[in-house]
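The data block below is start_13.tsv; it holds TSV, C-alpha atoms.
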chain	number	residue	atom	x	y	z
V	171	MET	CA	-26.11	-83.24	29.95
V	172	ARG	CA	-26.59	-79.52	29.21
V	173	GLY	CA	-22.86	-78.93	29.49
V	174	ARG	CA	-22.17	-81.56	26.84
V	175	ILE	CA	-24.46	-80.14	24.19
V	176	VAL	CA	-21.93	-77.63	22.83
V	177	PRO	CA	-19.05	-80.14	22.42
V	178	ILE	CA	-21.48	-82.60	20.81
V	179	LEU	CA	-22.74	-79.94	18.39
V	180	VAL	CA	-19.19	-78.82	17.56
V	181	SER	CA	-18.15	-82.43	16.93
V	182	LEU	CA	-21.18	-82.97	14.69
V	183	ALA	CA	-20.41	-79.80	12.74
V	184	GLY	CA	-16.79	-80.95	12.30
V	185	ALA	CA	-17.93	-84.39	11.12
V	186	CYS	CA	-20.31	-82.74	8.62
V	187	LEU	CA	-17.49	-80.58	7.25
V	188	ILE	CA	-15.19	-83.60	6.86
V	189	GLY	CA	-18.02	-85.51	5.16
V	190	LEU	CA	-18.59	-82.61	2.80
V	191	LEU	CA	-14.88	-82.48	1.97
V	192	ILE	CA	-14.77	-86.22	1.21
V	193	TYR	CA	-17.89	-85.96	-0.96
V	194	GLY	CA	-16.45	-82.96	-2.82
V	195	VAL	CA	-13.13	-84.68	-3.52
V	196	SER	CA	-14.84	-87.88	-4.68
V	197	THR	CA	-17.23	-86.08	-7.04
V	198	GLN	CA	-14.58	-83.78	-8.50
V	199	SER	CA	-12.16	-86.56	-9.38
V	200	THR	CA	-12.06	-87.78	-12.97
V	201	SER	CA	-14.38	-90.65	-13.79
V	202	ARG	CA	-13.02	-93.63	-15.72
V	203	THR	CA	-16.33	-95.51	-15.84
V	204	LEU	CA	-16.47	-95.30	-19.65
V	205	ASP	CA	-13.06	-96.97	-19.99
V	206	GLU	CA	-14.11	-99.84	-17.73
V	207	ASP	CA	-17.37	-100.34	-19.65
V	208	VAL	CA	-15.59	-100.34	-23.01
V	209	GLN	CA	-12.98	-102.79	-21.71
V	210	ARG	CA	-15.76	-105.13	-20.60
V	211	GLY	CA	-17.35	-104.82	-24.04
V	212	ASP	CA	-20.46	-103.07	-22.70
V	213	PHE	CA	-20.10	-100.14	-25.17
V	214	PRO	CA	-21.84	-97.36	-23.23
V	215	LEU	CA	-23.89	-94.65	-24.90
V	216	ALA	CA	-21.87	-91.49	-25.46
V	217	PRO	CA	-22.77	-89.12	-22.61
V	218	GLU	CA	-24.30	-85.68	-23.08
V	219	ALA	CA	-25.08	-86.49	-26.72
V	220	ALA	CA	-27.84	-83.87	-26.83
V	221	ARG	CA	-25.67	-81.12	-25.38
V	222	ALA	CA	-25.40	-78.27	-27.87
V	223	LEU	CA	-21.95	-76.79	-28.34
V	224	PRO	CA	-21.15	-73.75	-30.49
V	225	ARG	CA	-19.53	-74.42	-33.84
V	226	LEU	CA	-15.94	-73.23	-33.85
V	227	SER	CA	-16.31	-71.55	-37.19
V	228	GLY	CA	-19.38	-69.68	-35.90
V	229	GLY	CA	-22.94	-69.96	-37.07
V	230	GLY	CA	-24.95	-71.77	-34.46
V	231	SER	CA	-24.40	-74.90	-32.47
V	232	ASP	CA	-24.28	-78.63	-32.92
V	233	SER	CA	-24.47	-81.76	-30.80
V	234	LEU	CA	-23.25	-85.32	-30.93
V	235	LEU	CA	-26.85	-86.40	-31.40
V	236	ALA	CA	-26.87	-84.73	-34.82
V	237	TYR	CA	-24.30	-87.33	-35.95
V	238	ARG	CA	-26.33	-90.39	-34.84
V	239	GLY	CA	-26.22	-92.88	-37.70
V	240	GLU	CA	-22.62	-91.98	-38.54
V	241	VAL	CA	-19.38	-93.44	-37.24
V	242	VAL	CA	-17.77	-90.60	-35.29
V	243	VAL	CA	-14.21	-90.13	-34.14
V	244	LEU	CA	-14.70	-87.62	-31.36
V	245	ASN	CA	-11.43	-85.80	-30.72
V	246	PHE	CA	-10.77	-83.38	-27.86
V	247	TRP	CA	-7.93	-80.98	-28.59
V	248	ALA	CA	-6.46	-77.54	-27.94
V	249	SER	CA	-4.21	-75.40	-30.10
V	250	TRP	CA	-1.40	-75.23	-27.51
V	251	CYS	CA	-1.26	-79.02	-27.11
V	252	GLU	CA	1.73	-80.48	-28.96
V	253	PRO	CA	0.43	-84.05	-29.35
V	254	CYS	CA	-2.76	-82.51	-30.81
V	255	GLN	CA	-0.60	-80.83	-33.44
V	256	GLU	CA	1.08	-84.15	-34.17
V	257	GLU	CA	-2.17	-86.04	-34.67
V	258	ALA	CA	-4.08	-83.36	-36.60
V	259	PRO	CA	-2.78	-84.49	-40.04
V	260	LEU	CA	-3.69	-88.10	-39.22
V	261	LEU	CA	-7.21	-87.05	-38.29
V	262	GLU	CA	-7.61	-85.04	-41.46
V	263	LYS	CA	-6.45	-88.04	-43.51
V	264	ALA	CA	-8.93	-90.26	-41.65
V	265	GLN	CA	-11.70	-87.75	-42.30
V	266	LYS	CA	-11.29	-88.16	-46.06
V	267	LEU	CA	-11.79	-91.94	-45.73
V	268	LEU	CA	-14.57	-91.74	-43.15
V	269	ALA	CA	-16.54	-89.25	-45.20
V	270	GLN	CA	-16.84	-91.84	-47.98
V	271	HIS	CA	-18.63	-94.26	-45.62
V	272	GLN	CA	-20.98	-92.08	-43.61
V	273	GLY	CA	-18.46	-91.28	-40.94
V	274	THR	CA	-16.71	-88.20	-39.64
V	275	VAL	CA	-14.13	-86.86	-37.32
V	276	LEU	CA	-15.73	-84.43	-34.87
V	277	GLY	CA	-13.24	-82.14	-33.17
V	278	VAL	CA	-13.98	-80.43	-29.88
V	279	ALA	CA	-11.69	-77.56	-28.90
V	280	TYR	CA	-11.23	-77.78	-25.14
V	281	LYS	CA	-11.00	-74.52	-23.15
V	282	ASP	CA	-9.13	-72.94	-26.02
V	283	LEU	CA	-9.05	-69.38	-27.27
V	284	THR	CA	-11.29	-69.17	-30.36
V	285	SER	CA	-8.74	-67.26	-32.42
V	286	ASP	CA	-6.05	-69.83	-31.56
V	287	SER	CA	-8.38	-72.73	-32.43
V	288	LEU	CA	-9.26	-71.18	-35.77
V	289	ALA	CA	-5.58	-70.58	-36.53
V	290	PHE	CA	-4.93	-74.24	-35.68
V	291	MET	CA	-7.64	-75.35	-38.13
V	292	ARG	CA	-6.20	-73.17	-40.86
V	293	ARG	CA	-2.66	-74.32	-40.18
V	294	PHE	CA	-3.55	-78.02	-40.48
V	295	ARG	CA	-6.23	-77.41	-43.12
V	296	LEU	CA	-8.83	-79.28	-41.13
V	297	THR	CA	-12.04	-79.87	-43.03
V	298	TYR	CA	-13.96	-81.86	-40.43
V	299	PRO	CA	-16.47	-80.13	-38.15
V	300	ASN	CA	-15.21	-78.65	-34.92
V	301	LEU	CA	-17.11	-77.48	-31.85
V	302	ARG	CA	-16.11	-75.41	-28.82
V	303	ASP	CA	-16.27	-76.69	-25.25
V	304	LYS	CA	-15.21	-73.48	-23.56
V	305	GLU	CA	-15.92	-74.59	-19.99
V	306	GLY	CA	-14.92	-78.22	-20.45
V	307	GLY	CA	-18.26	-79.60	-19.20
V	308	PHE	CA	-18.80	-81.80	-22.25
V	309	ALA	CA	-15.24	-83.16	-22.10
V	310	SER	CA	-15.65	-83.79	-18.40
V	311	SER	CA	-18.60	-86.13	-19.06
V	312	PHE	CA	-16.16	-88.27	-21.09
V	313	GLY	CA	-13.66	-88.23	-18.21
V	314	THR	CA	-11.38	-85.97	-20.25
V	315	ASP	CA	-9.09	-83.63	-18.36
V	316	GLN	CA	-5.93	-84.11	-20.41
V	317	LEU	CA	-5.33	-83.73	-24.10
V	318	PRO	CA	-5.61	-85.15	-26.63
V	319	GLU	CA	-8.29	-87.79	-26.12
V	320	SER	CA	-10.38	-89.54	-28.76
V	321	PHE	CA	-13.43	-91.78	-28.81
V	322	VAL	CA	-14.82	-93.96	-31.58
V	323	ILE	CA	-18.62	-93.83	-31.52
V	324	ASN	CA	-20.64	-96.28	-33.59
V	325	ARG	CA	-23.77	-95.57	-35.60
V	326	GLN	CA	-25.95	-96.31	-32.57
V	327	GLY	CA	-24.17	-93.63	-30.54
V	328	ARG	CA	-22.18	-96.10	-28.43
V	329	ILE	CA	-18.51	-95.71	-27.54
V	330	VAL	CA	-16.54	-98.66	-28.90
V	331	ALA	CA	-12.94	-97.46	-28.43
V	332	ILE	CA	-11.10	-94.89	-26.35
V	333	SER	CA	-7.67	-93.37	-26.80
V	334	ARG	CA	-6.41	-91.27	-23.92
V	335	GLY	CA	-3.31	-89.66	-25.39
V	336	GLU	CA	-2.03	-89.13	-28.91
V	337	ILE	CA	-3.85	-91.40	-31.33
V	338	GLU	CA	-2.18	-94.03	-33.46
V	339	GLN	CA	-3.09	-95.02	-36.99
V	340	ARG	CA	-4.27	-98.39	-35.63
V	341	PHE	CA	-6.92	-96.61	-33.55
V	342	LEU	CA	-8.15	-94.67	-36.56
V	343	ASN	CA	-8.14	-97.82	-38.71
V	344	ARG	CA	-10.61	-99.35	-36.29
V	345	ALA	CA	-13.00	-96.46	-36.84
V	346	ILE	CA	-12.52	-96.62	-40.61
V	347	THR	CA	-13.16	-100.39	-40.65
V	348	LEU	CA	-16.26	-99.91	-38.53
V	349	ALA	CA	-17.52	-97.28	-40.97
V	350	GLU	CA	-16.81	-99.52	-43.95
V	351	GLN	CA	-18.44	-102.65	-42.49
V	352	THR	CA	-21.55	-101.29	-40.81
K	355	MET	CA	-8.38	5.70	-38.52
K	356	SER	CA	-9.59	7.31	-35.40
K	357	ARG	CA	-12.60	4.97	-35.35
K	358	ALA	CA	-10.44	1.97	-36.04
K	359	ALA	CA	-8.43	2.36	-32.90
K	360	PRO	CA	-11.30	1.76	-30.46
K	361	GLY	CA	-12.48	-1.18	-32.60
K	362	MET	CA	-9.05	-2.74	-32.51
K	363	GLY	CA	-8.94	-2.13	-28.78
K	364	ALA	CA	-12.18	-4.07	-28.32
K	365	ALA	CA	-10.86	-6.90	-30.49
K	366	ALA	CA	-7.65	-7.00	-28.50
K	367	LEU	CA	-9.68	-7.07	-25.30
K	368	ARG	CA	-11.80	-9.97	-26.62
K	369	ALA	CA	-8.65	-11.84	-27.67
K	370	ALA	CA	-7.09	-11.26	-24.26
K	371	LEU	CA	-10.24	-12.49	-22.54
K	372	ALA	CA	-10.35	-15.58	-24.76
K	373	LEU	CA	-6.69	-16.28	-23.99
K	374	ALA	CA	-7.30	-15.84	-20.27
K	375	LEU	CA	-10.29	-18.17	-20.45
K	376	ALA	CA	-8.28	-20.75	-22.36
K	377	LEU	CA	-5.45	-20.55	-19.81
K	378	ALA	CA	-7.96	-20.91	-16.99
K	379	LEU	CA	-9.43	-24.00	-18.62
K	380	VAL	CA	-6.08	-25.73	-19.18
K	381	PRO	CA	-5.65	-26.83	-15.54
K	382	ALA	CA	-9.27	-27.92	-15.46
K	383	LEU	CA	-8.84	-30.06	-18.59
K	384	ALA	CA	-5.44	-31.47	-17.67
K	385	PRO	CA	-6.69	-33.65	-14.76
K	386	ALA	CA	-9.47	-34.97	-17.00
K	387	ARG	CA	-6.88	-36.17	-19.49
K	388	ALA	CA	-4.79	-37.60	-16.68
K	389	THR	CA	-7.82	-39.37	-15.24
K	390	ALA	CA	-8.67	-40.87	-18.61
K	391	ALA	CA	-5.15	-42.23	-19.00
K	392	ALA	CA	-4.58	-43.28	-15.40
K	393	PRO	CA	-6.63	-46.46	-14.90
K	394	ARG	CA	-4.47	-48.61	-17.12
K	395	VAL	CA	-4.82	-52.24	-16.06
K	396	SER	CA	-1.67	-54.00	-14.98
K	397	LEU	CA	-0.93	-57.56	-16.11
K	398	PRO	CA	0.24	-58.84	-12.68
K	399	ALA	CA	-2.90	-57.42	-11.05
K	400	MET	CA	-5.11	-59.17	-13.59
K	401	GLU	CA	-3.17	-62.44	-13.31
K	402	ARG	CA	-3.81	-62.48	-9.56
K	403	GLN	CA	-7.57	-62.35	-10.17
K	404	LEU	CA	-7.70	-65.08	-12.81
K	405	MET	CA	-7.32	-68.82	-12.95
K	406	CYS	CA	-5.54	-71.13	-15.34
K	407	VAL	CA	-8.60	-73.06	-16.52
K	408	THR	CA	-6.86	-76.36	-17.15
K	409	CYS	CA	-4.37	-76.40	-14.25
K	410	LYS	CA	-6.98	-74.90	-11.88
K	411	ILE	CA	-4.52	-72.70	-10.00
K	412	PRO	CA	-4.17	-68.89	-10.00
K	413	LEU	CA	-2.80	-67.59	-13.28
K	414	ASN	CA	0.03	-65.65	-11.61
K	415	VAL	CA	1.61	-68.88	-10.33
K	416	ALA	CA	0.62	-71.17	-13.21
K	417	GLU	CA	3.24	-72.33	-15.67
K	418	SER	CA	1.73	-74.27	-18.55
K	419	PRO	CA	1.01	-73.73	-22.25
K	420	GLN	CA	-2.62	-72.96	-21.39
K	421	ALA	CA	-1.58	-70.41	-18.76
K	422	ASP	CA	0.84	-68.83	-21.24
K	423	ARG	CA	-1.98	-68.43	-23.76
K	424	GLU	CA	-4.28	-66.89	-21.18
K	425	LYS	CA	-1.55	-64.46	-20.07
K	426	ALA	CA	-0.84	-63.51	-23.69
K	427	TYR	CA	-4.56	-62.92	-24.28
K	428	VAL	CA	-4.83	-60.71	-21.19
K	429	ALA	CA	-1.73	-58.77	-22.30
K	430	GLN	CA	-3.30	-58.33	-25.74
K	431	LEU	CA	-6.54	-57.00	-24.21
K	432	ILE	CA	-4.58	-54.61	-21.98
K	433	GLY	CA	-2.69	-53.45	-25.06
K	434	GLU	CA	-6.03	-52.72	-26.72
K	435	GLY	CA	-6.83	-50.41	-23.81
K	436	ARG	CA	-9.66	-52.53	-22.36
K	437	SER	CA	-10.81	-51.88	-18.82
K	438	GLU	CA	-10.61	-54.48	-16.06
K	439	SER	CA	-14.28	-55.41	-16.35
K	440	GLN	CA	-14.05	-55.62	-20.14
K	441	ILE	CA	-11.07	-57.97	-19.83
K	442	ARG	CA	-12.96	-60.13	-17.35
K	443	SER	CA	-15.99	-60.28	-19.67
K	444	ALA	CA	-13.82	-61.20	-22.65
K	445	LEU	CA	-12.15	-64.01	-20.68
K	446	VAL	CA	-15.49	-65.34	-19.44
K	447	ALA	CA	-16.72	-65.34	-23.04
K	448	GLN	CA	-13.71	-67.43	-24.04
K	449	TYR	CA	-13.27	-69.77	-21.07
K	450	GLY	CA	-16.46	-69.54	-19.01
K	451	ALA	CA	-16.90	-68.29	-15.47
K	452	ALA	CA	-14.28	-70.74	-14.15
K	453	VAL	CA	-11.56	-68.34	-15.33
K	454	LEU	CA	-12.60	-65.91	-12.58
K	455	GLY	CA	-11.84	-68.50	-9.92
K	456	LEU	CA	-15.24	-68.09	-8.30
K	457	PRO	CA	-17.21	-71.14	-7.22
K	458	GLY	CA	-20.30	-71.97	-9.27
K	459	THR	CA	-23.80	-71.32	-8.05
K	460	HIS	CA	-25.25	-74.78	-8.52
K	461	GLY	CA	-24.57	-78.34	-7.43
K	462	PHE	CA	-21.80	-79.03	-4.97
K	463	ASP	CA	-20.13	-75.67	-5.71
K	464	ILE	CA	-22.85	-73.85	-3.78
K	465	ALA	CA	-21.31	-75.33	-0.60
K	466	ALA	CA	-18.52	-72.75	-0.98
K	467	TYR	CA	-21.09	-70.03	-0.20
K	468	LEU	CA	-23.27	-71.94	2.27
K	469	VAL	CA	-20.60	-73.47	4.52
K	470	PRO	CA	-18.98	-70.17	5.63
K	471	LEU	CA	-22.47	-68.75	6.22
K	472	ALA	CA	-23.46	-71.79	8.29
K	473	VAL	CA	-20.20	-71.58	10.29
K	474	VAL	CA	-20.78	-67.88	11.07
K	475	LEU	CA	-24.40	-68.53	12.07
K	476	GLY	CA	-23.33	-71.50	14.21
K	477	LEU	CA	-20.68	-69.42	16.00
K	478	LEU	CA	-23.22	-66.65	16.59
K	479	ALA	CA	-25.66	-69.17	18.06
K	480	VAL	CA	-22.95	-70.56	20.35
K	481	MET	CA	-21.99	-67.03	21.46
K	482	LEU	CA	-25.62	-66.08	22.09
K	483	THR	CA	-26.08	-69.22	24.17
K	484	LEU	CA	-22.85	-69.08	26.15
K	485	LEU	CA	-22.31	-65.37	26.78
K	486	PRO	CA	-25.43	-64.82	28.96
K	487	ARG	CA	-24.59	-67.99	30.87
K	488	TRP	CA	-21.01	-66.79	31.57
K	489	ARG	CA	-22.29	-63.37	32.62
K	490	ARG	CA	-24.86	-64.91	34.98
K	491	ARG	CA	-22.19	-67.09	36.52
K	492	ALA	CA	-19.79	-64.14	37.00
K	493	ARG	CA	-22.55	-62.09	38.61
K	494	SER	CA	-23.60	-64.87	40.94
K	495	LEU	CA	-19.97	-65.41	42.01
K	496	ALA	CA	-19.57	-61.69	42.66
K	497	ALA	CA	-22.85	-61.59	44.60
K	498	ALA	CA	-21.87	-64.60	46.71
K	499	GLY	CA	-18.66	-62.82	47.61
K	500	VAL	CA	-16.43	-65.70	46.63
K	501	PRO	CA	-12.86	-64.59	47.44
K	502	ARG	CA	-10.46	-64.49	44.56
K	503	PRO	CA	-7.54	-66.87	44.93
K	504	ALA	CA	-4.60	-65.19	46.62
K	505	LEU	CA	-1.14	-65.14	45.09
K	506	SER	CA	1.35	-67.62	46.48
K	507	PRO	CA	4.31	-66.01	48.33
K	508	ASP	CA	6.63	-66.97	45.44
K	509	ASP	CA	4.38	-65.42	42.81
K	510	ALA	CA	3.89	-62.32	44.93
K	511	ALA	CA	7.67	-61.91	45.29
K	512	ARG	CA	8.19	-62.36	41.53
K	513	LEU	CA	5.46	-59.83	40.76
K	514	ASP	CA	7.02	-57.32	43.16
K	515	SER	CA	10.44	-57.74	41.58
K	516	ASP	CA	8.98	-57.38	38.07
K	517	LEU	CA	7.12	-54.22	39.04
K	518	ALA	CA	10.20	-52.83	40.74
K	519	ARG	CA	12.02	-52.85	37.42
K	520	PHE	CA	9.56	-50.25	36.11
K	521	ASP	CA	10.10	-47.85	39.03
Render the structure in this file as structure tokens.
Amino acid sequence: MRGRIVPILVSLAGACLIGLLIYGVSTQSTSRTLDEDVQRGDFPLAPEAARALPRLSGGGSDSLLAYRGEVVVLNFWASWCEPCQEEAPLLEKAQKLLAQHQGTVLGVAYKDLTSDSLAFMRRFRLTYPNLRDKEGGFASSFGTDQLPESFVINRQGRIVAISRGEIEQRFLNRAITLAEQT
Amino acid sequence: MSRAAPGMGAAALRAALALALALALVPALAPARATAAAPRVSLPAMERQLMCVTCKIPLNVAESPQADREKAYVAQLIGEGRSESQIRSALVAQYGAAVLGLPGTHGFDIAAYLVPLAVVLGLLAVMLTLLPRWRRRARSLAAAGVPRPALSPDDAARLDSDLARFD
């Protein structure tokens, strides 16, 4: 029995390492739970709503919780992302309509250089508020690892629609209608 | 005039001494200037130490718009004459610690530090357990006078022929 202890211990250590690897891979992969909930009509609460992110234009921080009571189009973007450049004018147009009905577009610059993000805002004359998610932790809680991605959040802070990819006017219309009717 | 000559001589001597001192200091100052200019950071060296934060691979092999922006930013910081540590700090301020490619210190990431430590400790424990046992066995075999296995005639002949080639 004594002679078998070492092989048994080595095998156990190997099994632990493999278990650790499997756990690591499964926890690091992107979660799509929000999409499934929204598809089922469960409308989950927006995650990490209280997480404070620095304002892109400087001057303190802000969180999603501060917009509770408003219809929010949460948009993750980066200055180098071409589809983000395509949709920026649409978002700015939507902002003008949303602002009339207690709604807003809330941009979140994802792992982007501040100077580039600010140049992007100037270039597209964005007037809606923008935050910085420099490490991508906030985006990750929404299952976002590609850009652009957008989420419509109702006045109760629940996600009612998700667009993973460049948004279409139809998606924005849904948010505008929600703002007008609630 | 006669009193001016010694005065001028003293002035000339002082000027000569000052010149000699200045010439002596030139080599001493030259390396200082060279040292100040020498540690210029190279872009490839920095790229090897950094990560593309969206593609999650080293910056020197990454090819993506994000990687291009990071490389351009590093090049800009090098152009501004920043040191390696200043460049690292500036990148961490922009992208977070993930840009350094080091595992985090909380959650699952801590396994990156603990697992190698546990493996080393485990190997040490195995060595400490097995080595005395092997030594005891070797000693007991030697004490018992167990004969070592003899070479077969074929092996002995091959060994002789191999050794003969070195004669």
Near stretch 425-436 of chain K, within 8 Å and counting only C-alpha atoms, which residues show up once chain neighbours fewer than 3 positions away are dropped, as a CSV table (one decimal) with C-alpha atoms, in the coordinates of the input?
chain,number,residue,atom,x,y,z
K,394,ARG,CA,-4.5,-48.6,-17.1
K,395,VAL,CA,-4.8,-52.2,-16.1
K,396,SER,CA,-1.7,-54.0,-15.0
K,397,LEU,CA,-0.9,-57.6,-16.1
K,400,MET,CA,-5.1,-59.2,-13.6
K,401,GLU,CA,-3.2,-62.4,-13.3
K,413,LEU,CA,-2.8,-67.6,-13.3
K,421,ALA,CA,-1.6,-70.4,-18.8
K,422,ASP,CA,0.8,-68.8,-21.2
K,440,GLN,CA,-14.0,-55.6,-20.1
K,441,ILE,CA,-11.1,-58.0,-19.8
Box centre and edge lengths (Å, one decimal), axis-aligned, stretch 282-299 of chain V plus 8 Å each side, as JSON:
{"center_x": -9.6, "center_y": -74.6, "center_z": -34.6, "size_x": 29.8, "size_y": 30.6, "size_z": 33.1}
In terms of only C-alpha atoms, the residue from K:Leu478, K:Ala518, K:Leu445, K:Ala496 at minimal distance from chain V is K:Leu445
Interface rows for chain K against chain V: nearest pair, Å to one decimal, 9 Å, only C-alpha atoms, as CSV:
residue,atom,partner,partner_atom,distance
K:Val407,CA,V:Lys281,CA,7.2
K:Thr408,CA,V:Lys281,CA,7.5
K:Pro419,CA,V:Trp250,CA,6.0
K:Gln420,CA,V:Trp250,CA,6.6
K:Arg423,CA,V:Trp250,CA,7.8
K:Glu424,CA,V:Leu283,CA,8.1
K:Tyr427,CA,V:Leu283,CA,8.4
K:Ala447,CA,V:Lys304,CA,8.3
K:Gln448,CA,V:Leu283,CA,6.0
K:Tyr449,CA,V:Lys304,CA,4.9
K:Gly450,CA,V:Glu305,CA,5.2
K:Ala451,CA,V:Glu305,CA,7.8
K:Ala452,CA,V:Glu305,CA,7.2
K:Val453,CA,V:Glu305,CA,8.9
K:Phe462,CA,V:Gly194,CA,7.0
K:Asp463,CA,V:Gly194,CA,8.7
K:Ala465,CA,V:Leu190,CA,8.5
K:Val469,CA,V:Leu187,CA,8.2
K:Val473,CA,V:Ala183,CA,8.6
K:Gly476,CA,V:Ala183,CA,8.9
K:Val480,CA,V:Val176,CA,7.6
For atom CA of V:Pro224 and atom CA of K:Ala444, the interatomic separation in Å (one decimal):
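Spanning atom CA of V:Pro224 to atom CA of K:Ala444 is a straight-line distance of 16.5 Å.
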Writing N, CA and C atoms and nothing else, produce stretch 222-237 of chain V as an mmCIF file, in the first residue's frame.
data_model
loop_
_atom_site.group_PDB
_atom_site.id
_atom_site.type_symbol
_atom_site.label_atom_id
_atom_site.label_comp_id
_atom_site.auth_asym_id
_atom_site.auth_seq_id
_atom_site.Cartn_x
_atom_site.Cartn_y
_atom_site.Cartn_z
ATOM 1 N N ALA V 222 -19.953 52.169 -10.434
ATOM 2 C CA ALA V 222 -19.603 53.529 -10.876
ATOM 3 C C ALA V 222 -18.510 53.466 -11.938
ATOM 4 N N LEU V 223 -18.763 54.159 -13.033
ATOM 5 C CA LEU V 223 -17.760 54.244 -14.108
ATOM 6 C C LEU V 223 -17.416 55.718 -14.322
ATOM 7 N N PRO V 224 -16.150 56.010 -14.630
ATOM 8 C CA PRO V 224 -15.795 57.425 -14.850
ATOM 9 C C PRO V 224 -16.468 57.995 -16.098
ATOM 10 N N ARG V 225 -16.867 59.261 -15.971
ATOM 11 C CA ARG V 225 -17.443 59.931 -17.149
ATOM 12 C C ARG V 225 -16.324 60.164 -18.158
ATOM 13 N N LEU V 226 -16.645 59.949 -19.423
ATOM 14 C CA LEU V 226 -15.631 60.087 -20.471
ATOM 15 C C LEU V 226 -15.123 61.517 -20.571
ATOM 16 N N SER V 227 -16.033 62.442 -20.368
ATOM 17 C CA SER V 227 -15.623 63.846 -20.496
ATOM 18 C C SER V 227 -14.941 64.353 -19.235
ATOM 19 N N GLY V 228 -14.723 63.462 -18.256
ATOM 20 C CA GLY V 228 -14.081 63.862 -17.002
ATOM 21 C C GLY V 228 -15.119 64.314 -15.993
ATOM 22 N N GLY V 229 -14.654 64.632 -14.809
ATOM 23 C CA GLY V 229 -15.579 65.151 -13.813
ATOM 24 C C GLY V 229 -16.420 64.091 -13.145
ATOM 25 N N GLY V 230 -15.790 63.195 -12.456
ATOM 26 C CA GLY V 230 -16.511 62.232 -11.625
ATOM 27 C C GLY V 230 -16.983 61.001 -12.351
ATOM 28 N N SER V 231 -17.874 60.293 -11.683
ATOM 29 C CA SER V 231 -18.333 59.014 -12.239
ATOM 30 C C SER V 231 -19.860 58.951 -12.218
ATOM 31 N N ASP V 232 -20.351 57.909 -12.844
ATOM 32 C CA ASP V 232 -21.791 57.741 -12.971
ATOM 33 C C ASP V 232 -22.085 56.247 -13.022
ATOM 34 N N SER V 233 -23.335 55.897 -12.760
ATOM 35 C CA SER V 233 -23.703 54.480 -12.838
ATOM 36 C C SER V 233 -25.053 54.350 -13.518
ATOM 37 N N LEU V 234 -25.371 53.149 -13.908
ATOM 38 C CA LEU V 234 -26.648 52.885 -14.564
ATOM 39 C C LEU V 234 -27.807 53.178 -13.614
ATOM 40 N N LEU V 235 -27.543 52.976 -12.333
ATOM 41 C CA LEU V 235 -28.567 53.198 -11.311
ATOM 42 C C LEU V 235 -29.055 54.655 -11.312
ATOM 43 N N ALA V 236 -28.165 55.562 -11.676
ATOM 44 C CA ALA V 236 -28.522 56.983 -11.697
ATOM 45 C C ALA V 236 -29.586 57.276 -12.761
ATOM 46 N N TYR V 237 -29.780 56.339 -13.701
ATOM 47 C CA TYR V 237 -30.744 56.556 -14.785
ATOM 48 C C TYR V 237 -32.034 55.767 -14.568
#
